[in-house]
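Notes follow once the structure below has been shown.
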Amino acid sequence: MTDPISTVQALARELPSQDLYALSVAAGGGIAGLRDLRAQASSNIIRRACSQLIACLAHRSADYLAGALAAAATADTHKAQVVDVVWTGPHTRITSSRLTAHSITTLIDEARQEIWLVSYAAHTEPRITTALKAAAGRGVEITLLLERNMDNPSYSFRGIPFPHLDVTRLAWPAVRRSARYTSLHAKILVTDRSTALVGSANITGAAMETNLECGILLRGGPHPRAIRAHLAALHEQGDLIRC
């Protein structure tokens with residue numbers, strides 16, 4: 001039997017607040033509302049959620065499901081969020097924010113369930129390699145999304161970063177890009193769907209230690225989960241592929 005409470009709780013762990021609100025509105029319209037959203041949604045994740053909620057309607061009313069989803073969305077929106085700034089480069093008296101390399105390794109060390117690491121340039125940095133190996137050893141699921149020369153001719157690096165790590169590797173293939181020299185240029189680290197570091201630094205020695213780089217570290221709140229959900233949706237709809 002499909003358990004409506006467990007289903008809503010699972011969706012709340014997976015989806016950002018805006019998707020939960022959309023599902024709440026659709027659920028308020030009953031089976032017809034959820035079918036309409038499922039037909040219109042571009043994301044496989046949302047379509048699957050609609051199917052799960054349709055099954056739940058055999059056990060709970062549409063108003064109950066809509067209310068539970070709205071409550072989950074509201075709780076997600078109001079989660080406390082701590083924002084910090086992460087720098088690489090010269091120090092000043094204005095800020096005492098931590099270095100990029102230390103922030104990345106700390107976040108990886110803190111992860112207990114899941115890591116998504118996205119970068120344009122990525123080299124096998126020893127400290128990050130050690131942290132990722134330790135995370136894999138304690139059962140953390142690791143996904144790397146990195147640029148490839150075969151997808152972007154202007155990207156010169158041809159090796160495989162972190163070659164001995166047992167991780168899921170994703171790529172943005174050339175056939176899914178709108179132009180020949182389009183780049184996978186994002187630099188993101190998301191851990192446990194609750195913490196995200198978004199900035200300018202690639203996974204290279206220069207970016208970690210000597211360049212002038214800046215990033216925003218988000219702990220809590222809806223945004224880390226939303227970033228992770230967007231990446232997962234890109235994979236589900238075929239824009240990102242396993243490699």
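Every chain in the structure tokens has a letter given in the order shown (A, B, ...), and although residue numbers restart at 1 in each chain, ligands are simply numbered from 1 in the order shown.
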Contact residues around segment 110-112 of chain A with only C-alpha atoms at 10 Å, ignoring same-chain residues under 3 positions, as a count of residues only: 20
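Here the question is which of A:Ile54, A:Arg169, A:Asn152, A:Ala26 gets nearest to Trp116 of chain A using only C-alpha atoms, and that residue is A:Arg169.
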Contacts of Glu236 of chain A at 12 Å (only C-alpha atoms; same-chain gap of 4+ positions) as number ranges by chain: A: 42-48, 170, 229-232, 240-242
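Backbone DSSP over segment 71-129 of chain A yields alpha helix (DSSP H) at Ala71, Ala72, Ala73, Thr74, Ala75, Asp76, Thr77, Thr100, Ala101, His102, Ser103, Ile104, Thr105, Thr106, Leu107, Ile108, Asp109, Glu110, Pro126, Arg127, Ile128 and Thr129 of chain A.
Atom CA of Asn202 of chain A is positioned 27.1 Å from atom CA of Leu15 of chain A.
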Pairwise distance for atom CA of Ala68 of chain A and atom CA of Val82 of chain A, rounded to one decimal in Å: 26.4 Å
Distance criterion (only C-alpha atoms): nearest to Leu217 of chain A out of A:Ala62, A:Ile108, A:Thr100, A:Pro4: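 The shortest atom-to-atom distance to Leu217 of chain A comes from A:Thr100.
A straight line drawn from atom CA of Tyr181 of chain A to atom CA of Ser154 of chain A is 6.6 Å long.
Minimum atom-to-atom distance to His59 of chain A, evaluated using only C-alpha atoms, belongs to A:Asp3 out of A:Asp3, A:Asp84, A:Glu14, A:Asp76.
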Segment 124-127 of chain A environment, 6 Å, only C-alpha atoms, sequence neighbours closer than 3 positions dropped, as a ChimeraX atom specification: /A:130,161-162
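For Leu65 of chain A, the residues within 8 Å (counting only C-alpha atoms, excluding itself and residues fewer than 3 positions away along the chain) are Pro4, Val8, Ser24, Ala27, Gly28, Leu53, Leu57, Arg60, Ser61, Ala62, Ala68 and Leu69 of chain A.
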Those of segment 93-228 of chain A in DSSP strand (DSSP E), formatted as a count of residues only: 33
